[in-house]
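Below: start31.txt (compact mmCIF, C-alpha atoms and all ligand atoms)
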```txt
# COMPACT_ATOMS: atom_id res chain seq x y z
CA MET A 1 80.37 122.26 71.93
CA ALA A 2 79.60 125.79 73.10
CA PHE A 3 77.92 126.56 76.43
CA SER A 4 74.98 128.94 76.73
CA ARG A 5 75.91 132.07 78.70
CA GLU A 6 74.04 130.76 81.77
CA SER A 7 75.63 127.34 81.81
CA ALA A 8 79.03 128.86 81.01
CA LEU A 9 78.68 130.86 84.22
CA ASP A 10 77.92 127.67 86.17
CA VAL A 11 80.95 125.96 84.64
CA ALA A 12 83.15 128.97 85.42
CA LYS A 13 81.98 128.92 89.06
CA VAL A 14 82.70 125.21 89.42
CA LEU A 15 86.12 125.61 87.82
CA SER A 16 86.94 128.53 90.07
CA GLU A 17 85.85 126.60 93.17
CA SER A 18 88.03 123.68 92.13
CA LEU A 19 91.19 125.82 92.16
CA PRO A 20 92.27 124.89 95.75
CA TYR A 21 91.92 121.19 94.95
CA ILE A 22 93.83 121.57 91.70
CA GLN A 23 96.59 123.43 93.53
CA ARG A 24 96.67 120.75 96.24
CA PHE A 25 97.08 117.85 93.81
CA ALA A 26 99.06 119.44 90.96
CA GLY A 27 102.41 117.69 90.62
CA LYS A 28 101.25 114.81 92.85
CA THR A 29 100.97 111.20 91.77
CA LEU A 30 97.69 109.34 92.20
CA VAL A 31 97.48 105.60 91.71
CA ILE A 32 94.06 104.48 90.51
CA LYS A 33 93.13 100.82 90.49
CA TYR A 34 90.37 100.12 88.02
CA GLY A 35 88.73 96.85 89.04
CA GLY A 36 87.38 94.36 86.54
CA ASN A 37 83.97 94.54 88.17
CA ALA A 38 83.89 98.34 87.83
CA MET A 39 84.48 98.13 84.06
CA THR A 40 81.08 96.93 83.02
CA ASP A 41 79.27 99.97 81.62
CA GLU A 42 80.52 101.70 78.45
CA THR A 43 79.41 105.18 79.49
CA LEU A 44 81.14 104.80 82.85
CA GLN A 45 84.29 103.54 81.14
CA ALA A 46 84.36 106.54 78.82
CA GLY A 47 83.79 108.84 81.82
CA PHE A 48 86.62 107.15 83.74
CA ALA A 49 88.99 107.64 80.80
CA ARG A 50 88.01 111.31 80.45
CA ASP A 51 88.61 111.90 84.15
CA ILE A 52 92.09 110.41 83.89
CA VAL A 53 92.86 112.68 80.93
CA LEU A 54 91.52 115.67 82.85
CA MET A 55 93.80 114.85 85.80
CA LYS A 56 96.85 114.79 83.55
CA ALA A 57 95.73 118.04 81.89
CA ILE A 58 95.63 119.86 85.25
CA GLY A 59 99.08 118.67 86.28
CA ILE A 60 98.24 115.54 88.32
CA ASN A 61 100.17 112.37 87.47
CA PRO A 62 97.70 109.50 87.27
CA ILE A 63 98.99 105.93 87.18
CA VAL A 64 96.30 103.42 86.25
CA VAL A 65 96.55 99.81 87.44
CA HIS A 66 93.77 97.59 86.16
CA GLY A 67 92.20 94.29 87.11
CA GLY A 68 90.17 92.02 84.89
CA GLY A 69 89.07 89.12 87.09
CA PRO A 70 85.60 88.80 85.46
CA GLN A 71 87.11 89.04 81.96
CA ILE A 72 89.61 86.26 82.81
CA GLY A 73 86.71 84.20 84.21
CA GLU A 74 84.73 84.61 80.97
CA MET A 75 87.65 83.47 78.83
CA LEU A 76 88.38 80.52 81.11
CA ALA A 77 84.72 79.48 80.91
CA LYS A 78 84.87 79.59 77.09
CA LEU A 79 87.90 77.30 77.28
CA ASN A 80 86.17 75.01 79.80
CA ILE A 81 88.76 75.79 82.49
CA GLU A 82 87.35 76.11 85.99
CA SER A 83 87.92 79.35 88.02
CA LYS A 84 88.89 78.71 91.61
CA PHE A 85 89.79 81.26 94.30
CA ILE A 86 91.40 80.87 97.72
CA ASN A 87 91.38 83.95 100.00
CA GLY A 88 90.40 86.12 97.01
CA MET A 89 93.35 84.87 94.89
CA ARG A 90 92.86 82.91 91.68
CA VAL A 91 94.40 79.45 91.75
CA THR A 92 96.61 79.71 88.66
CA ASP A 93 97.97 76.59 86.95
CA THR A 94 100.05 76.88 83.76
CA ALA A 95 97.06 76.86 81.38
CA THR A 96 95.30 79.49 83.49
CA MET A 97 98.44 81.66 83.56
CA ASP A 98 98.50 81.73 79.75
CA VAL A 99 94.90 82.94 79.72
CA VAL A 100 95.58 85.52 82.47
CA GLU A 101 98.47 86.97 80.52
CA MET A 102 96.48 87.13 77.28
CA VAL A 103 93.38 88.66 78.82
CA LEU A 104 95.10 91.17 81.13
CA GLY A 105 98.09 92.14 78.98
CA GLY A 106 96.32 91.85 75.63
CA GLN A 107 92.60 92.47 75.86
CA VAL A 108 91.84 94.51 78.98
CA ASN A 109 95.02 96.59 78.97
CA LYS A 110 94.58 97.69 75.37
CA GLU A 111 90.88 98.45 75.85
CA ILE A 112 91.72 100.91 78.61
CA VAL A 113 94.61 102.40 76.64
CA ASN A 114 92.25 102.87 73.71
CA LEU A 115 89.60 104.60 75.86
CA ILE A 116 92.12 107.05 77.33
CA CYS A 117 93.52 107.80 73.87
CA GLU A 118 89.99 108.35 72.57
CA ALA A 119 89.49 110.92 75.33
CA GLY A 120 92.58 112.75 74.08
CA GLY A 121 95.23 111.33 76.42
CA LYS A 122 98.47 109.56 75.59
CA ALA A 123 98.14 106.23 77.34
CA ILE A 124 100.79 103.56 77.22
CA GLY A 125 99.95 99.99 78.22
CA ILE A 126 102.52 97.91 80.10
CA THR A 127 102.78 94.82 82.24
CA GLY A 128 105.42 94.23 84.91
CA LYS A 129 107.36 92.35 82.26
CA ASP A 130 108.13 95.58 80.37
CA SER A 131 111.63 96.54 81.41
CA ARG A 132 110.96 93.91 84.15
CA PHE A 133 109.74 96.79 86.29
CA ILE A 134 107.60 94.61 88.61
CA LYS A 135 109.66 91.81 90.09
CA ALA A 136 107.50 89.10 91.60
CA LYS A 137 107.97 86.23 93.99
CA LYS A 138 105.72 83.27 94.53
CA LEU A 139 102.84 83.82 96.94
CA PHE A 140 101.71 81.14 99.35
CA VAL A 141 98.38 81.66 101.09
CA LYS A 142 97.29 80.43 104.48
CA HIS A 143 93.99 78.63 104.26
CA GLN A 144 91.90 76.52 106.56
CA ALA A 145 90.10 73.93 104.44
CA GLU A 146 86.87 72.32 105.65
CA GLY A 147 87.59 69.64 108.22
CA MET A 148 91.06 70.99 109.02
CA THR A 149 91.79 72.11 112.58
CA ALA A 150 94.29 74.86 111.67
CA PRO A 151 95.14 76.95 108.61
CA GLU A 152 97.91 75.58 106.44
CA GLN A 153 100.14 77.05 103.74
CA VAL A 154 98.71 76.36 100.27
CA ASP A 155 100.51 76.50 96.90
CA ILE A 156 98.13 78.21 94.43
CA GLY A 157 100.38 77.98 91.37
CA HIS A 158 101.73 80.91 89.34
CA VAL A 159 100.45 83.52 91.74
CA GLY A 160 102.87 86.14 92.89
CA GLU A 161 103.32 89.04 95.22
CA VAL A 162 105.34 92.13 94.40
CA ALA A 163 109.00 91.75 95.36
CA SER A 164 110.09 95.14 93.98
CA VAL A 165 109.00 97.96 91.69
CA ASP A 166 111.49 99.88 89.52
CA THR A 167 110.66 103.40 90.63
CA SER A 168 112.88 105.12 88.06
CA PHE A 169 110.89 103.46 85.28
CA LEU A 170 107.62 104.88 86.68
CA LYS A 171 109.10 108.29 87.47
CA PHE A 172 109.83 108.65 83.77
CA PHE A 173 106.07 108.96 83.14
CA GLU A 174 105.72 111.78 85.69
CA ASN A 175 107.93 113.91 83.49
CA SER A 176 106.13 113.07 80.26
CA ASP A 177 102.72 113.36 78.61
CA LEU A 178 102.30 109.61 78.85
CA ILE A 179 99.77 108.00 81.18
CA PRO A 180 100.89 104.51 82.25
CA VAL A 181 98.26 101.78 82.28
CA ILE A 182 99.58 98.75 84.15
CA ALA A 183 98.41 95.14 83.88
CA PRO A 184 99.11 93.20 87.10
CA ILE A 185 101.65 90.70 85.84
CA GLY A 186 105.04 90.33 87.46
CA VAL A 187 108.19 88.54 86.43
CA ASP A 188 111.10 86.86 88.23
CA ASP A 189 114.79 86.90 87.33
CA GLU A 190 114.31 83.84 85.11
CA GLY A 191 111.51 85.53 83.16
CA ASN A 192 108.67 83.47 84.65
CA SER A 193 105.29 85.25 84.71
CA TYR A 194 103.22 85.67 87.86
CA ASN A 195 99.56 86.49 88.19
CA ILE A 196 99.33 89.18 90.86
CA ASN A 197 96.12 90.50 92.35
CA ALA A 198 95.68 93.98 90.86
CA ASP A 199 94.99 95.58 94.25
CA LEU A 200 98.36 94.38 95.51
CA VAL A 201 100.13 95.80 92.45
CA ALA A 202 98.35 99.15 92.84
CA GLY A 203 99.32 99.29 96.52
CA LYS A 204 102.99 98.51 95.90
CA VAL A 205 103.18 100.92 92.97
CA ALA A 206 101.66 103.65 95.18
CA GLU A 207 104.23 102.88 97.90
CA ALA A 208 107.13 102.84 95.45
CA VAL A 209 106.36 106.24 93.91
CA GLY A 210 105.26 107.81 97.20
CA ALA A 211 101.77 108.50 95.85
CA GLU A 212 99.52 111.12 97.39
CA LYS A 213 96.48 108.88 97.03
CA LEU A 214 95.69 105.30 96.27
CA MET A 215 92.17 104.86 94.89
CA LEU A 216 90.74 101.38 94.53
CA LEU A 217 87.64 101.48 92.32
CA THR A 218 85.30 98.56 92.74
CA ASN A 219 81.69 97.53 92.28
CA ILE A 220 80.46 98.25 95.78
CA SER A 221 79.86 101.51 97.65
CA GLY A 222 82.80 100.93 100.01
CA VAL A 223 83.60 98.63 102.91
CA GLN A 224 80.31 97.72 104.55
CA ASP A 225 79.39 96.47 108.01
CA LYS A 226 77.21 93.38 108.49
CA GLN A 227 74.05 95.52 108.04
CA GLY A 228 75.29 96.89 104.70
CA ASN A 229 76.15 100.40 105.97
CA VAL A 230 79.23 101.94 104.34
CA LEU A 231 82.07 102.47 106.81
CA THR A 232 83.41 105.86 105.75
CA GLY A 233 86.65 105.68 107.72
CA LEU A 234 88.62 102.69 109.01
CA SER A 235 91.72 102.38 111.19
CA THR A 236 94.11 99.41 111.35
CA ALA A 237 92.56 98.00 114.53
CA GLN A 238 89.01 98.26 113.17
CA VAL A 239 90.07 96.43 110.02
CA ASP A 240 91.61 93.59 112.07
CA ALA A 241 88.34 93.15 113.97
CA LEU A 242 86.22 93.20 110.79
CA ILE A 243 88.41 90.50 109.19
CA ALA A 244 88.35 88.37 112.34
CA ASP A 245 84.52 88.38 112.54
CA GLY A 246 84.10 87.66 108.81
CA THR A 247 82.62 91.06 107.84
CA ILE A 248 85.46 91.56 105.37
CA TYR A 249 86.05 88.53 103.15
CA GLY A 250 86.88 87.41 99.60
CA GLY A 251 87.89 90.10 97.09
CA MET A 252 87.77 92.80 99.80
CA LEU A 253 90.66 91.13 101.68
CA PRO A 254 93.47 92.03 99.24
CA LYS A 255 91.98 95.53 98.85
CA ILE A 256 92.06 96.21 102.57
CA SER A 257 95.47 94.68 103.09
CA CYS A 258 97.12 96.68 100.30
CA ALA A 259 95.39 99.88 101.41
CA LEU A 260 96.72 99.42 104.96
CA SER A 261 100.18 98.53 103.77
CA ALA A 262 100.23 101.61 101.50
CA VAL A 263 99.24 104.08 104.22
CA ASN A 264 101.69 102.48 106.65
CA ALA A 265 104.41 102.96 104.03
CA GLY A 266 103.70 106.67 103.66
CA VAL A 267 100.96 107.00 101.02
CA THR A 268 98.89 109.90 102.37
CA SER A 269 95.50 108.21 101.97
CA ALA A 270 93.92 105.10 100.50
CA HIS A 271 90.30 104.90 99.42
CA ILE A 272 87.99 102.08 98.41
CA ILE A 273 85.42 103.70 96.16
CA ASP A 274 82.43 102.84 94.03
CA GLY A 275 83.42 102.68 90.37
CA ARG A 276 79.73 102.49 89.41
CA VAL A 277 79.28 106.14 90.41
CA PRO A 278 79.91 108.48 87.45
CA HIS A 279 83.19 110.42 87.85
CA ALA A 280 84.03 108.59 91.11
CA THR A 281 87.72 109.52 90.88
CA LEU A 282 86.99 113.23 90.44
CA LEU A 283 84.49 113.18 93.30
CA GLU A 284 87.24 111.78 95.50
CA ILE A 285 89.62 114.56 94.49
CA PHE A 286 87.22 117.50 94.40
CA THR A 287 85.24 116.96 97.61
CA ASP A 288 86.39 117.38 101.21
CA THR A 289 84.45 114.40 102.47
CA GLY A 290 85.39 112.09 99.57
CA VAL A 291 83.42 108.99 98.64
CA GLY A 292 83.52 105.38 99.84
CA THR A 293 85.86 104.18 102.60
CA LEU A 294 89.01 105.99 103.69
CA ILE A 295 91.70 103.77 105.16
CA SER A 296 94.08 105.54 107.51
CA ASN A 297 97.05 104.34 109.50
CA THR A 298 95.65 105.59 112.80
CA LYS A 299 95.17 103.10 115.65
CA ALA A 300 91.70 102.75 117.21
CA GLY A 301 90.85 105.66 119.48
CA GLU A 302 93.35 108.07 117.89
N1 LIG B 401 82.83 94.15 104.19
C1 LIG B 401 82.68 94.19 102.88
N2 LIG B 401 82.17 95.32 102.29
C2 LIG B 401 81.98 95.39 100.96
N3 LIG B 401 82.29 94.38 100.10
C3 LIG B 401 82.80 93.23 100.59
C4 LIG B 401 83.03 93.12 102.00
N4 LIG B 401 83.58 91.89 102.22
C5 LIG B 401 83.66 91.29 101.03
N5 LIG B 401 83.20 92.08 100.04
C6 LIG B 401 83.14 91.68 98.62
O1 LIG B 401 84.27 92.21 97.93
C7 LIG B 401 83.86 92.52 96.61
C8 LIG B 401 84.88 93.46 95.95
O2 LIG B 401 86.01 92.70 95.58
P1 LIG B 401 86.21 92.20 94.06
O3 LIG B 401 84.96 91.54 93.58
O4 LIG B 401 87.47 91.41 94.03
O5 LIG B 401 86.32 93.59 93.32
P2 LIG B 401 87.26 94.10 92.13
O6 LIG B 401 86.96 93.26 90.93
O7 LIG B 401 86.82 95.52 91.98
O8 LIG B 401 88.68 93.99 92.61
C9 LIG B 401 82.48 93.10 96.80
O9 LIG B 401 81.71 93.08 95.62
C10 LIG B 401 81.91 92.18 97.89
O10 LIG B 401 81.28 91.06 97.32
C1 LIG B 402 96.04 86.28 91.82
C2 LIG B 402 94.78 86.88 91.28
O1 LIG B 402 93.70 86.64 91.81
N1 LIG B 402 94.89 87.69 90.22
C3 LIG B 402 93.76 88.33 89.59
C4 LIG B 402 94.28 89.38 88.63
C5 LIG B 402 93.19 90.28 88.08
C6 LIG B 402 92.52 91.10 89.16
O2 LIG B 402 93.02 91.34 90.25
O3 LIG B 402 91.31 91.59 88.75
P1 LIG B 402 90.17 92.34 89.61
O4 LIG B 402 90.83 93.53 90.21
O5 LIG B 402 89.17 92.69 88.59
O6 LIG B 402 89.67 91.37 90.65
C7 LIG B 402 92.90 87.29 88.83
O7 LIG B 402 93.46 86.35 88.27
O8 LIG B 402 91.67 87.48 88.77
```
Any chance you could put this one into structure tokens?
Ligand SMILES: Nc1ncnc2c1ncn2[C@@H]1O[C@H](COP(=O)(O)OP(=O)(O)O)[C@@H](O)[C@H]1O
Ligand SMILES: CC(=O)N[C@@H](CCC(=O)OP(=O)(O)O)C(=O)O
Amino acid sequence: MAFSRESALDVAKVLSESLPYIQRFAGKTLVIKYGGNAMTDETLQAGFARDIVLMKAIGINPIVVHGGGPQIGEMLAKLNIESKFINGMRVTDTATMDVVEMVLGGQVNKEIVNLICEAGGKAIGITGKDSRFIKAKKLFVKHQAEGMTAPEQVDIGHVGEVASVDTSFLKFFENSDLIPVIAPIGVDDEGNSYNINADLVAGKVAEAVGAEKLMLLTNISGVQDKQGNVLTGLSTAQVDALIADGTIYGGMLPKISCALSAVNAGVTSAHIIDGRVPHATLLEIFTDTGVGTLISNTKAGE
């Protein structure tokens, strides 16, 4: 496709203005979590893949971690298996774990790999089982069921949290043309699979590689207050208050907690952004104000 002289001038201006941002992020690693709910529209998916390829082309190292909650839900419904969540985590019995592994590692992972390859990138799809690079341990959640006076520890099956990430395995991709696309499945020393919330995997991967940015793409404009206004910046103390009064709940809980943990562990910034906006990841990189909610490790009042 050739540009007319006028539009070529516009493109040249935009490219020239983007130089400081390119210089700032070249050589840096960005971890992008692509949520299952943000993967609904084909045009947006193709745009997302193109943006990832563009990042790699200008010297940024993108690492994609994907979800697939809705896709797992659809498959479970077809198989007449009920979906149940506690504190935003899927209760995962053995039959559900088989479906999770098939849908995340097989279907969703390869769809994203295919899209990035179609856009001209060299994507490689992996789960934490490959080279056992994500070690997992069983996760127990604290939950207060109806009628109970205090929260109690609940066993939700084959659900894990990240115990460790093999950084050398991921660093390999920084020095290659390959773009890793990670499905959130972990493994223990005995080879047992764990279903891990994709936000938690993205956060721990970002921590392990010392990422410049963690971007969590979702299907909402950012973290909202009770009136639906987007909170553009949040500190640790503000987050605690919003969880305590129920403003942040469900699927937003793991997002917030991994974003906080990542910035506390040295990731420069974490962002919860709207994956329904075309080119959301590029907007985050190429604008000073960014989009969605920025989570920082500042205390209230700082
Ligand atoms: N304070 C909040 N602001 C915005 N969304 C919230 C908030 N609290 C809970 N949510 C819910 O969290 C959802 C995002 O989490 P989730 O559905 O798990 O997304 P994803 O599939 O992208 O990981 C939103 O769609 C919304 O329903
Ligand atoms: C333990 C747990 O809840 N795992 C998630 C893994 C997928 C995921 O996180 O997908 P989204 O990012 O699209 O929500 C699940 O089974 O749905």
Within 7 Å of ligand LIG 401 (chain B) (all atoms listed in the file), residues as number ranges by chain | A: 35-38, 67-69, 88, 199, 217-220, 222-225, 247-252
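Considering the residues A:Asn197, A:Gln45, A:Asn192, A:Gln71 and counting all atoms listed in the file, ligand LIG 402 (chain B) has its shortest atom-to-atom contact with A:Asn197.
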For the contact check between chain A and ligand LIG 402 (chain B), emit one row per residue of chain A within 9 Å, containing the shortest atom pair and the distance in Å rounded to one decimal, counting all atoms listed in the file, chain then rising number order, as a Markdown table.
```
| residue | atom | partner | partner_atom | distance |
| --- | --- | --- | --- | --- |
| A:Lys33 | CA | B:LIG402 | O4 | 7.6 |
| A:Tyr34 | CA | B:LIG402 | O4 | 7.0 |
| A:Gly35 | CA | B:LIG402 | O4 | 4.1 |
| A:Gly36 | CA | B:LIG402 | O5 | 3.2 |
| A:Asn37 | CA | B:LIG402 | O5 | 5.5 |
| A:Ala38 | CA | B:LIG402 | O5 | 7.8 |
| A:Met39 | CA | B:LIG402 | O5 | 8.5 |
| A:Val65 | CA | B:LIG402 | O4 | 8.9 |
| A:His66 | CA | B:LIG402 | O4 | 6.4 |
| A:Gly67 | CA | B:LIG402 | O3 | 3.3 |
| A:Gly68 | CA | B:LIG402 | O5 | 3.9 |
| A:Gly69 | CA | B:LIG402 | O8 | 3.5 |
| A:Pro70 | CA | B:LIG402 | O5 | 6.1 |
| A:Gln71 | CA | B:LIG402 | O5 | 7.8 |
| A:Ile72 | CA | B:LIG402 | O8 | 6.4 |
| A:Gly73 | CA | B:LIG402 | O8 | 7.5 |
| A:Ser83 | CA | B:LIG402 | O7 | 8.9 |
| A:Phe85 | CA | B:LIG402 | O1 | 7.1 |
| A:Ile86 | CA | B:LIG402 | O1 | 8.6 |
| A:Asn87 | CA | B:LIG402 | O1 | 8.9 |
| A:Gly88 | CA | B:LIG402 | O1 | 6.2 |
| A:Met89 | CA | B:LIG402 | O1 | 3.6 |
| A:Arg90 | CA | B:LIG402 | O1 | 3.8 |
| A:Val91 | CA | B:LIG402 | C1 | 7.0 |
| A:Thr92 | CA | B:LIG402 | C1 | 7.3 |
| A:Thr96 | CA | B:LIG402 | O7 | 8.6 |
| A:Met97 | CA | B:LIG402 | O7 | 8.3 |
| A:Val100 | CA | B:LIG402 | O7 | 6.2 |
| A:Leu104 | CA | B:LIG402 | C5 | 7.3 |
| A:Leu139 | CA | B:LIG402 | C1 | 8.9 |
| A:Ile156 | CA | B:LIG402 | C1 | 8.7 |
| A:His158 | CA | B:LIG402 | C1 | 8.2 |
| A:Val159 | CA | B:LIG402 | C1 | 5.2 |
| A:Gly160 | CA | B:LIG402 | C1 | 6.9 |
| A:Glu161 | CA | B:LIG402 | C1 | 8.5 |
| A:Ala183 | CA | B:LIG402 | C5 | 8.3 |
| A:Pro184 | CA | B:LIG402 | C4 | 6.3 |
| A:Ile185 | CA | B:LIG402 | C4 | 8.0 |
| A:Tyr194 | CA | B:LIG402 | C1 | 8.2 |
| A:Asn195 | CA | B:LIG402 | C1 | 5.1 |
| A:Ile196 | CA | B:LIG402 | C1 | 4.5 |
| A:Asn197 | CA | B:LIG402 | N1 | 3.7 |
| A:Ala198 | CA | B:LIG402 | O2 | 3.8 |
| A:Asp199 | CA | B:LIG402 | O4 | 6.2 |
| A:Leu200 | CA | B:LIG402 | O2 | 8.1 |
| A:Val201 | CA | B:LIG402 | O2 | 8.7 |
| A:Leu216 | CA | B:LIG402 | O4 | 9.0 |
| A:Leu217 | CA | B:LIG402 | O4 | 8.8 |
| A:Thr218 | CA | B:LIG402 | O4 | 7.9 |
| A:Gly251 | CA | B:LIG402 | O6 | 6.8 |
| A:Lys255 | CA | B:LIG402 | O4 | 8.9 |
```
Counting only C-alpha atoms, which residues of segment 202-297 of chain A sit at most 12 Å from some atom of segment 171-178 of chain A, and what is each one's closest atom pair with its distance in Å to one decimal, listed by chain and rising residue number, as CSV?
```
residue,atom,partner,partner_atom,distance
A:Val205,CA,A:Lys171,CA,10.9
A:Ala206,CA,A:Lys171,CA,11.7
A:Ala208,CA,A:Lys171,CA,9.9
A:Val209,CA,A:Lys171,CA,7.3
A:Gly210,CA,A:Lys171,CA,10.5
A:Ala211,CA,A:Lys171,CA,11.1
```
Go ahead and fit an axis-aligned box to every listed atom of segment 137-152 of chain A plus 4 Å each side, and pass me the centre and edge lengths in Å, one decimal, as JSON.
```
{"center_x": 97.4, "center_y": 77.9, "center_z": 103.3, "size_x": 29.1, "size_y": 24.6, "size_z": 26.6}
```
For atom CA of Ile285 of chain A and atom CA of Val53 of chain A, quote the distance in Å rounded to one decimal.
-> 14.1 Å
Best match for closeness to Gly47 of chain A among A:Ile22, A:Leu115, A:Leu231, A:Val141, counting only C-alpha atoms |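 Distance minimum relative to Gly47 of chain A lands on A:Leu115.
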